[in-house]
$ cat entry.cif   # mmCIF, C-alpha atoms and all ligand atoms
data_entry
#
loop_
_atom_site.label_atom_id
_atom_site.label_comp_id
_atom_site.auth_asym_id
_atom_site.auth_seq_id
_atom_site.Cartn_x
_atom_site.Cartn_y
_atom_site.Cartn_z
CA MET A 1 140.38 56.84 60.02
CA THR A 2 141.60 57.02 63.60
CA GLU A 3 144.81 59.01 63.97
CA ARG A 4 147.75 57.83 65.98
CA ILE A 5 148.27 59.63 69.29
CA LYS A 6 151.87 60.71 69.66
CA MET A 7 151.65 62.42 73.05
CA ALA A 8 148.94 62.86 75.66
CA SER A 9 148.29 64.11 79.16
CA LYS A 10 145.70 62.58 81.44
CA GLY A 11 144.46 64.29 84.60
CA LEU A 12 147.54 66.48 84.72
CA ASP A 13 147.90 68.76 87.74
CA PHE A 14 150.89 71.02 88.22
CA PHE A 15 151.94 72.98 91.30
CA TYR A 16 154.41 75.83 91.87
CA GLY A 17 154.71 75.36 95.64
CA ASP A 18 151.11 75.59 96.89
CA PHE A 19 149.82 77.27 93.74
CA LYS A 20 147.99 74.90 91.41
CA ALA A 21 148.80 76.18 87.92
CA LEU A 22 147.26 73.26 85.97
CA LYS A 23 144.07 71.46 86.93
CA ASP A 24 143.20 68.05 85.58
CA VAL A 25 144.34 68.64 82.01
CA SER A 26 143.66 65.78 79.59
CA LEU A 27 144.66 66.37 75.99
CA ALA A 28 145.93 64.16 73.18
CA PHE A 29 148.21 65.17 70.31
CA GLY A 30 147.81 63.39 66.99
CA GLU A 31 150.97 62.42 65.16
CA ASN A 32 152.03 64.91 62.46
CA ARG A 33 149.44 67.38 63.65
CA VAL A 34 150.00 70.97 64.72
CA THR A 35 148.14 71.81 67.94
CA ALA A 36 147.87 75.45 69.06
CA LEU A 37 147.52 76.21 72.77
CA ILE A 38 145.68 79.49 73.27
CA GLY A 39 144.30 81.41 76.24
CA PRO A 40 144.78 84.61 78.23
CA SER A 41 148.06 85.49 79.89
CA GLY A 42 148.80 83.40 82.97
CA CYS A 43 146.33 80.59 82.14
CA GLY A 44 149.10 77.96 82.15
CA LYS A 45 149.95 77.43 78.48
CA SER A 46 153.73 77.65 78.94
CA THR A 47 153.57 75.61 82.13
CA TYR A 48 151.68 72.91 80.26
CA LEU A 49 154.12 72.97 77.35
CA ARG A 50 157.05 72.59 79.74
CA CYS A 51 155.40 69.57 81.38
CA LEU A 52 155.64 67.79 78.03
CA ASN A 53 159.44 67.55 78.08
CA ARG A 54 159.93 67.90 81.82
CA MET A 55 161.45 71.36 81.59
CA ASN A 56 159.59 72.23 84.80
CA ASP A 57 161.78 69.69 86.62
CA LEU A 58 164.41 72.42 86.57
CA ILE A 59 162.24 74.73 88.73
CA ALA A 60 162.58 74.07 92.46
CA GLY A 61 159.44 73.47 94.52
CA THR A 62 157.28 72.23 91.65
CA ARG A 63 155.19 69.06 91.54
CA VAL A 64 153.35 67.12 88.83
CA ASP A 65 150.41 64.73 89.30
CA GLY A 66 148.75 62.71 86.58
CA LEU A 67 150.12 61.14 83.45
CA VAL A 68 152.01 62.37 80.39
CA THR A 69 152.77 59.84 77.69
CA LEU A 70 154.97 59.77 74.62
CA ASP A 71 154.19 56.79 72.38
CA ASP A 72 152.10 55.46 75.28
CA ALA A 73 155.07 55.43 77.70
CA ASP A 74 154.95 57.52 80.89
CA ILE A 75 157.53 60.32 80.57
CA TYR A 76 157.56 60.83 84.36
CA ASP A 77 158.61 57.23 84.95
CA SER A 78 161.57 57.21 87.34
CA ASP A 79 163.58 55.02 84.92
CA LEU A 80 163.21 57.45 82.05
CA ASP A 81 166.32 59.17 80.69
CA VAL A 82 165.38 62.87 80.74
CA VAL A 83 168.18 63.87 78.33
CA ASP A 84 166.84 61.37 75.81
CA LEU A 85 163.28 62.63 76.41
CA ARG A 86 164.39 66.18 75.59
CA ARG A 87 166.10 64.91 72.46
CA ARG A 88 162.83 63.31 71.36
CA VAL A 89 160.70 66.27 72.48
CA GLY A 90 162.57 69.40 71.39
CA MET A 91 161.75 72.97 72.31
CA VAL A 92 161.95 76.43 70.77
CA PHE A 93 161.42 79.47 72.98
CA GLN A 94 159.81 82.86 72.59
CA LYS A 95 163.02 84.83 72.32
CA PRO A 96 165.65 83.42 69.97
CA ASN A 97 168.41 82.19 72.28
CA PRO A 98 171.38 81.11 70.17
CA PHE A 99 174.54 80.24 72.06
CA PRO A 100 177.36 82.81 71.72
CA LYS A 101 179.10 80.46 69.30
CA THR A 102 179.33 80.13 65.54
CA ILE A 103 176.28 79.27 63.45
CA PHE A 104 177.79 75.83 62.79
CA GLU A 105 178.54 75.14 66.45
CA ASN A 106 175.02 76.13 67.52
CA VAL A 107 173.59 73.33 65.41
CA ALA A 108 176.42 70.85 66.11
CA TYR A 109 176.12 71.32 69.86
CA GLY A 110 173.28 68.87 70.49
CA LEU A 111 174.89 66.27 68.24
CA ARG A 112 178.09 66.39 70.26
CA VAL A 113 176.13 66.24 73.54
CA ASN A 114 174.44 63.14 72.18
CA GLY A 115 177.82 61.54 71.52
CA MET A 116 178.38 62.14 67.80
CA THR A 117 182.10 62.59 67.10
CA ASP A 118 182.55 61.91 63.37
CA LYS A 119 183.30 65.32 61.81
CA ALA A 120 181.89 64.52 58.39
CA ARG A 121 178.65 63.20 59.86
CA ILE A 122 178.31 66.26 62.07
CA ALA A 123 178.87 68.60 59.09
CA GLU A 124 176.31 66.66 57.07
CA ARG A 125 173.70 66.85 59.83
CA VAL A 126 174.37 70.57 60.43
CA GLU A 127 173.77 71.34 56.76
CA ALA A 128 170.64 69.17 56.60
CA SER A 129 169.22 70.81 59.72
CA LEU A 130 169.89 74.32 58.42
CA ARG A 131 168.21 73.38 55.13
CA HIS A 132 165.29 71.86 56.98
CA ALA A 133 164.88 75.12 58.93
CA ALA A 134 164.96 77.08 55.63
CA LEU A 135 168.10 78.95 56.68
CA PHE A 136 171.00 77.29 54.85
CA ASP A 137 171.05 79.50 51.76
CA GLU A 138 171.15 82.64 53.88
CA VAL A 139 174.07 81.50 56.05
CA LYS A 140 176.09 79.06 53.96
CA ASP A 141 178.96 81.53 53.44
CA ARG A 142 179.25 82.43 57.11
CA LEU A 143 178.78 79.18 58.96
CA HIS A 144 181.84 79.88 61.08
CA GLU A 145 180.81 83.38 62.09
CA SER A 146 178.97 84.21 65.30
CA ALA A 147 175.28 83.36 65.44
CA LEU A 148 174.73 86.62 67.30
CA GLY A 149 175.30 88.50 64.02
CA LEU A 150 172.10 87.06 62.53
CA SER A 151 168.78 88.90 62.42
CA GLY A 152 166.12 87.97 64.98
CA GLY A 153 164.20 85.89 62.44
CA GLN A 154 167.36 84.12 61.31
CA GLN A 155 168.33 83.48 64.93
CA GLN A 156 164.93 81.89 65.55
CA ARG A 157 165.29 79.65 62.49
CA LEU A 158 168.78 78.77 63.77
CA CYS A 159 167.22 77.73 67.09
CA ILE A 160 164.76 75.60 65.13
CA ALA A 161 167.69 74.05 63.20
CA ARG A 162 169.43 73.39 66.52
CA ALA A 163 166.32 71.63 67.81
CA LEU A 164 165.92 69.65 64.57
CA ALA A 165 169.56 68.47 64.48
CA VAL A 166 168.97 65.79 67.09
CA GLU A 167 165.95 64.50 65.14
CA PRO A 168 163.11 65.08 67.60
CA GLN A 169 159.71 63.50 67.11
CA VAL A 170 157.81 66.29 68.82
CA LEU A 171 158.60 70.00 68.69
CA LEU A 172 157.30 72.33 71.40
CA MET A 173 157.19 75.99 70.34
CA ASP A 174 156.50 78.67 72.95
CA GLU A 175 155.35 81.76 71.04
CA PRO A 176 158.15 81.29 68.52
CA ALA A 177 157.26 84.32 66.40
CA SER A 178 156.16 86.84 69.00
CA ALA A 179 159.46 88.71 68.94
CA LEU A 180 159.64 88.76 65.13
CA ASP A 181 158.47 91.10 62.37
CA PRO A 182 155.67 90.03 59.97
CA ILE A 183 158.00 88.69 57.27
CA ALA A 184 160.08 86.64 59.70
CA THR A 185 156.82 85.44 61.28
CA GLN A 186 155.53 84.30 57.90
CA LYS A 187 158.74 82.32 57.35
CA ILE A 188 158.28 80.54 60.67
CA GLU A 189 154.65 79.76 59.84
CA GLU A 190 155.61 78.38 56.41
CA LEU A 191 158.26 76.30 58.10
CA ILE A 192 155.73 74.83 60.53
CA HIS A 193 153.69 73.60 57.56
CA VAL A 194 156.70 71.80 56.12
CA LEU A 195 157.99 70.44 59.42
CA LYS A 196 154.75 68.76 60.37
CA GLU A 197 155.31 66.19 57.64
CA ASN A 198 157.90 64.65 59.96
CA LEU A 199 157.01 66.01 63.37
CA THR A 200 154.21 66.49 65.85
CA ILE A 201 154.13 70.18 66.74
CA ILE A 202 152.61 71.89 69.78
CA ILE A 203 152.69 75.67 69.67
CA VAL A 204 151.71 78.31 72.22
CA THR A 205 150.51 81.49 70.58
CA HIS A 206 148.74 84.70 71.58
CA ASN A 207 147.98 85.46 67.98
CA MET A 208 144.56 84.10 66.99
CA GLN A 209 145.21 84.53 63.27
CA GLN A 210 148.40 82.58 63.66
CA ALA A 211 146.63 79.78 65.52
CA ALA A 212 144.02 79.68 62.75
CA ARG A 213 146.68 79.65 60.01
CA VAL A 214 149.12 77.09 61.34
CA SER A 215 147.23 74.60 63.46
CA ASP A 216 145.05 71.57 62.81
CA VAL A 217 143.73 71.46 66.37
CA THR A 218 143.33 74.30 68.88
CA ALA A 219 143.11 73.93 72.65
CA PHE A 220 141.78 76.77 74.81
CA PHE A 221 143.12 77.15 78.36
CA TYR A 222 141.63 79.34 81.05
CA MET A 223 142.89 79.69 84.64
CA GLY A 224 144.82 76.43 84.58
CA GLN A 225 142.05 74.40 83.00
CA LEU A 226 141.60 73.08 79.50
CA ILE A 227 138.21 74.48 78.52
CA GLU A 228 137.94 72.76 75.15
CA ALA A 229 139.97 71.42 72.24
CA ASP A 230 138.77 70.75 68.73
CA VAL A 231 139.62 70.95 65.05
CA THR A 232 140.86 74.53 64.56
CA GLN A 233 138.22 75.49 62.03
CA THR A 234 135.47 74.33 64.39
CA MET A 235 137.01 76.14 67.36
CA PHE A 236 137.10 79.39 65.41
CA THR A 237 133.63 79.13 63.93
CA ARG A 238 131.50 77.07 66.33
CA PRO A 239 133.17 76.78 69.75
CA ARG A 240 131.10 74.87 72.29
CA GLU A 241 131.94 77.06 75.26
CA LYS A 242 131.02 80.71 75.67
CA ARG A 243 134.40 81.46 77.31
CA THR A 244 136.17 80.20 74.19
CA GLU A 245 134.00 82.33 71.94
CA ASP A 246 134.56 85.41 74.12
CA TYR A 247 138.31 84.87 73.99
CA ILE A 248 138.68 84.23 70.28
CA THR A 249 136.44 87.16 69.40
CA GLY A 250 138.63 89.42 71.54
CA ARG A 251 136.13 90.10 74.31
CA PHE A 252 138.82 89.45 76.91
CA GLY A 253 142.40 88.34 77.09
N1 LIG A 301 158.36 79.78 88.03
C1 LIG A 301 157.15 80.08 88.51
N2 LIG A 301 156.93 80.13 89.84
C2 LIG A 301 155.72 80.41 90.35
N3 LIG A 301 154.61 80.62 89.59
C3 LIG A 301 154.77 80.57 88.26
C4 LIG A 301 156.03 80.30 87.65
N4 LIG A 301 155.87 80.31 86.31
C5 LIG A 301 154.56 80.58 86.10
N5 LIG A 301 153.91 80.74 87.26
C6 LIG A 301 152.46 81.04 87.43
O1 LIG A 301 151.69 79.99 86.86
C7 LIG A 301 150.59 80.50 86.15
C8 LIG A 301 150.66 80.04 84.69
O2 LIG A 301 151.78 80.67 84.06
P1 LIG A 301 152.20 80.36 82.57
O3 LIG A 301 153.45 81.13 82.29
O4 LIG A 301 152.20 78.92 82.35
O5 LIG A 301 150.98 81.02 81.77
P2 LIG A 301 150.83 81.37 80.23
O6 LIG A 301 149.44 81.04 79.87
O7 LIG A 301 151.91 80.73 79.45
O8 LIG A 301 151.05 82.94 80.26
P3 LIG A 301 151.64 83.93 79.13
O9 LIG A 301 150.68 83.83 78.00
O10 LIG A 301 151.59 85.28 79.81
O11 LIG A 301 153.02 83.47 78.81
C9 LIG A 301 150.63 82.02 86.32
O12 LIG A 301 149.77 82.35 87.39
C10 LIG A 301 152.07 82.30 86.66
O13 LIG A 301 152.18 83.44 87.47
#
$ encode --input "entry.cif" --output "C-alpha cells" --more "lines below"
Ligand SMILES: Nc1ncnc2c1ncn2[C@@H]1O[C@H](COP(=O)(O)OP(=O)(O)OP(=O)(O)O)[C@@H](O)[C@H]1O
Amino acid sequence: MTERIKMASKGLDFFYGDFKALKDVSLAFGENRVTALIGPSGCGKSTYLRCLNRMNDLIAGTRVDGLVTLDDADIYDSDLDVVDLRRRVGMVFQKPNPFPKTIFENVAYGLRVNGMTDKARIAERVEASLRHAALFDEVKDRLHESALGLSGGQQQRLCIARALAVEPQVLLMDEPASALDPIATQKIEELIHVLKENLTIIIVTHNMQQAARVSDVTAFFYMGQLIEADVTQTMFTRPREKRTEDYITGRFG
C-alpha cells in the first residue's frame, strides 16, 4: 500500500545571510505518520521545522531555495496566505509559552484570530481542544484563571490545545518535552500517539528513546544535510550510514 504524502521538501536550501544552514534537503512526510528529526546540536533540525510553516520568514536576512509542499501545493507560492498556512501547519515549541491570559482565552485566541465570533461555538471548541490535549479534566474548574498558574507539563498541553483549536492538519513539535519531567513527558508522548490518528506530526527531539517510542519514521540530520530517513525501527537497528549509527549509539552528539 502506498501512503499518501501530506508534506514534502525537495532540494531545500536555507540561508541565514551567507550561512547555508540547510543543504538540498528532500524529505516526505506520510499522512498520519509521526516523523522524528534527530541529529546533533546545530545541524539544522529547528531551521528545517520552521521552513515547513514559514516561521523563518519572520527572521530578517534569511532565504529559502527549493520546494516545500503541503498537499502537493507549494507553500512558498507568492499567492499563498501565510496565516492560513500556519493554521493548517501548527507549531508547539520547546518551552511552554502560554499567553498571560486565562486558560480559556489561550485556546480561544486562535479561533478569534480566524474570525470565529459565536460564543457558544468558541466555548465548544475550547472544551473539545482541551479534551483532545488530555487536559480538560485537570483544568475544567479553573478555565477562567491564569494559564501561568499551571504546571510546566500542563502549560505544554495547553499550548498543544491552543494549536489544535484551529484544526491543523500538520503539527510541528520542536522538542516539546525537553523542559518537562518524566511523567509530564510520558503524557506528551501518549498524546502524540492519539493525535496522529487525525494529524501528521513532525517532532524534533534530542532524546533517542523518545524518537524510538513515538515515531514511525526517523530522519537524521548532520551539518545541514539529511543523511538518511527510514522506518524508525530500521534506523535504530540497521542504519545505512555510519554517521547515523555513531549518533544513535551515542558516539557523538
Ligand atoms: N537566527 C539565526 N541566525 C543565524 N544563524 C542561525 C539562526 N538560527 C540558527 N542559526 C544557525 O543555523 C544552524 C542550525 O541551527 P538550528 O537551530 O536549526 O539547529 P538544531 O539542529 O535545531 O540545533 P539544536 O538541537 O541545538 O536546537 C546553526 O549553525 C545555528 O547557529
$ closest_residue --input "entry.cif" --among "A:Phe104, A:Tyr247, A:Phe236, A:Phe19" --to "ligand LIG 301 (chain A)" --atoms "all atoms listed in the file"
A:Phe19
$ residues_around --input "entry.cif" --residues "Val139 of chain A" --least-positions-apart "4" --cutoff "10 Å" --atoms "all atoms listed in the file" --output "ChimeraX atom specification"
/A:103-104,130,135,143-145,147,150,154,158
$ atom_distance --input "entry.cif" --atom1 "atom O5 of ligand LIG 301 (chain A)" --atom2 "atom CA of Val214 of chain A"
20.9 Å
$ closest_residue --input "entry.cif" --among "A:Ile160, A:Leu70, A:Leu148, A:Ala212" --to "Arg88 of chain A" --atoms "only C-alpha atoms"
A:Leu70
$ residues_around --input "entry.cif" --residues "Ser26 of chain A" --least-positions-apart "3" --cutoff "10 Å" --atoms "only C-alpha atoms" --output "number ranges by chain"
A: 8-13, 23, 66-68, 225-226, 229
$ closest_residue --input "entry.cif" --among "A:Pro168, A:Gly90, A:Gly224, A:Gly152" --to "ligand LIG 301 (chain A)" --atoms "all atoms listed in the file"
A:Gly224
$ build_atoms --input "entry.cif" --residues "segment 142-178 of chain A" --atoms "N, CA and C atoms" --output "JSON list (two decimals), keeping the file's coordinate frame"
[["chain", "number", "residue", "atom", "x", "y", "z"],
["A", 142, "ARG", "N", 178.74, 81.93, 55.81],
["A", 142, "ARG", "CA", 179.25, 82.43, 57.11],
["A", 142, "ARG", "C", 178.96, 81.47, 58.26],
["A", 143, "LEU", "N", 179.07, 80.20, 57.95],
["A", 143, "LEU", "CA", 178.78, 79.18, 58.96],
["A", 143, "LEU", "C", 179.68, 79.30, 60.18],
["A", 144, "HIS", "N", 180.89, 79.83, 59.97],
["A", 144, "HIS", "CA", 181.84, 79.88, 61.08],
["A", 144, "HIS", "C", 181.95, 81.28, 61.71],
["A", 145, "GLU", "N", 180.92, 82.07, 61.42],
["A", 145, "GLU", "CA", 180.81, 83.38, 62.09],
["A", 145, "GLU", "C", 179.81, 83.27, 63.24],
["A", 146, "SER", "N", 179.84, 84.27, 64.12],
["A", 146, "SER", "CA", 178.97, 84.21, 65.30],
["A", 146, "SER", "C", 177.48, 84.23, 64.94],
["A", 147, "ALA", "N", 176.73, 83.40, 65.63],
["A", 147, "ALA", "CA", 175.28, 83.36, 65.44],
["A", 147, "ALA", "C", 174.62, 84.65, 65.91],
["A", 148, "LEU", "N", 175.32, 85.39, 66.76],
["A", 148, "LEU", "CA", 174.73, 86.62, 67.30],
["A", 148, "LEU", "C", 174.66, 87.72, 66.25],
["A", 149, "GLY", "N", 175.35, 87.52, 65.11],
["A", 149, "GLY", "CA", 175.30, 88.50, 64.02],
["A", 149, "GLY", "C", 174.10, 88.31, 63.11],
["A", 150, "LEU", "N", 173.28, 87.31, 63.37],
["A", 150, "LEU", "CA", 172.10, 87.06, 62.53],
["A", 150, "LEU", "C", 170.94, 87.95, 62.96],
["A", 151, "SER", "N", 169.99, 88.15, 62.05],
["A", 151, "SER", "CA", 168.78, 88.90, 62.42],
["A", 151, "SER", "C", 167.95, 88.06, 63.38],
["A", 152, "GLY", "N", 166.97, 88.70, 64.03],
["A", 152, "GLY", "CA", 166.12, 87.97, 64.98],
["A", 152, "GLY", "C", 165.43, 86.77, 64.34],
["A", 153, "GLY", "N", 164.90, 86.98, 63.13],
["A", 153, "GLY", "CA", 164.20, 85.89, 62.44],
["A", 153, "GLY", "C", 165.14, 84.77, 62.07],
["A", 154, "GLN", "N", 166.36, 85.15, 61.64],
["A", 154, "GLN", "CA", 167.36, 84.12, 61.31],
["A", 154, "GLN", "C", 167.79, 83.38, 62.57],
["A", 155, "GLN", "N", 167.94, 84.13, 63.66],
["A", 155, "GLN", "CA", 168.33, 83.48, 64.93],
["A", 155, "GLN", "C", 167.25, 82.47, 65.34],
["A", 156, "GLN", "N", 165.99, 82.82, 65.15],
["A", 156, "GLN", "CA", 164.93, 81.89, 65.55],
["A", 156, "GLN", "C", 164.96, 80.64, 64.66],
["A", 157, "ARG", "N", 165.19, 80.84, 63.35],
["A", 157, "ARG", "CA", 165.29, 79.65, 62.49],
["A", 157, "ARG", "C", 166.54, 78.82, 62.84],
["A", 158, "LEU", "N", 167.60, 79.51, 63.31],
["A", 158, "LEU", "CA", 168.78, 78.77, 63.77],
["A", 158, "LEU", "C", 168.42, 77.91, 64.99],
["A", 159, "CYS", "N", 167.64, 78.50, 65.89],
["A", 159, "CYS", "CA", 167.22, 77.73, 67.09],
["A", 159, "CYS", "C", 166.35, 76.54, 66.68],
["A", 160, "ILE", "N", 165.56, 76.73, 65.64],
["A", 160, "ILE", "CA", 164.76, 75.60, 65.13],
["A", 160, "ILE", "C", 165.70, 74.55, 64.53],
["A", 161, "ALA", "N", 166.71, 74.99, 63.77],
["A", 161, "ALA", "CA", 167.69, 74.05, 63.20],
["A", 161, "ALA", "C", 168.41, 73.30, 64.31],
["A", 162, "ARG", "N", 168.75, 74.01, 65.38],
["A", 162, "ARG", "CA", 169.43, 73.39, 66.52],
["A", 162, "ARG", "C", 168.54, 72.32, 67.15],
["A", 163, "ALA", "N", 167.25, 72.63, 67.25],
["A", 163, "ALA", "CA", 166.32, 71.63, 67.81],
["A", 163, "ALA", "C", 166.17, 70.44, 66.85],
["A", 164, "LEU", "N", 166.15, 70.73, 65.55],
["A", 164, "LEU", "CA", 165.92, 69.65, 64.57],
["A", 164, "LEU", "C", 167.12, 68.72, 64.43],
["A", 165, "ALA", "N", 168.32, 69.24, 64.73],
["A", 165, "ALA", "CA", 169.56, 68.47, 64.48],
["A", 165, "ALA", "C", 169.55, 67.11, 65.17],
["A", 166, "VAL", "N", 168.94, 67.05, 66.34],
["A", 166, "VAL", "CA", 168.97, 65.79, 67.09],
["A", 166, "VAL", "C", 167.75, 64.91, 66.77],
["A", 167, "GLU", "N", 167.07, 65.28, 65.68],
["A", 167, "GLU", "CA", 165.95, 64.50, 65.14],
["A", 167, "GLU", "C", 164.84, 64.21, 66.17],
["A", 168, "PRO", "N", 164.23, 65.28, 66.67],
["A", 168, "PRO", "CA", 163.11, 65.08, 67.60],
["A", 168, "PRO", "C", 161.90, 64.51, 66.88],
["A", 169, "GLN", "N", 160.97, 63.99, 67.67],
["A", 169, "GLN", "CA", 159.71, 63.50, 67.11],
["A", 169, "GLN", "C", 158.59, 64.50, 67.37],
["A", 170, "VAL", "N", 158.79, 65.27, 68.45],
["A", 170, "VAL", "CA", 157.81, 66.29, 68.82],
["A", 170, "VAL", "C", 158.57, 67.60, 68.98],
["A", 171, "LEU", "N", 157.97, 68.69, 68.50],
["A", 171, "LEU", "CA", 158.60, 70.00, 68.69],
["A", 171, "LEU", "C", 157.62, 70.91, 69.43],
["A", 172, "LEU", "N", 158.09, 71.41, 70.60],
["A", 172, "LEU", "CA", 157.30, 72.33, 71.40],
["A", 172, "LEU", "C", 157.75, 73.74, 71.06],
["A", 173, "MET", "N", 156.81, 74.62, 70.73],
["A", 173, "MET", "CA", 157.19, 75.99, 70.34],
["A", 173, "MET", "C", 156.41, 76.96, 71.22],
["A", 174, "ASP", "N", 157.15, 77.74, 72.02],
["A", 174, "ASP", "CA", 156.50, 78.67, 72.95],
["A", 174, "ASP", "C", 156.53, 80.08, 72.33],
["A", 175, "GLU", "N", 155.45, 80.47, 71.72],
["A", 175, "GLU", "CA", 155.35, 81.76, 71.04],
["A", 175, "GLU", "C", 156.58, 82.05, 70.18],
["A", 176, "PRO", "N", 156.87, 81.18, 69.23],
["A", 176, "PRO", "CA", 158.15, 81.29, 68.52],
["A", 176, "PRO", "C", 158.28, 82.52, 67.63],
["A", 177, "ALA", "N", 157.16, 83.18, 67.33],
["A", 177, "ALA", "CA", 157.26, 84.32, 66.40],
["A", 177, "ALA", "C", 156.91, 85.63, 67.07],
["A", 178, "SER", "N", 156.68, 85.62, 68.39],
["A", 178, "SER", "CA", 156.16, 86.84, 69.00],
["A", 178, "SER", "C", 157.18, 87.97, 69.03]]
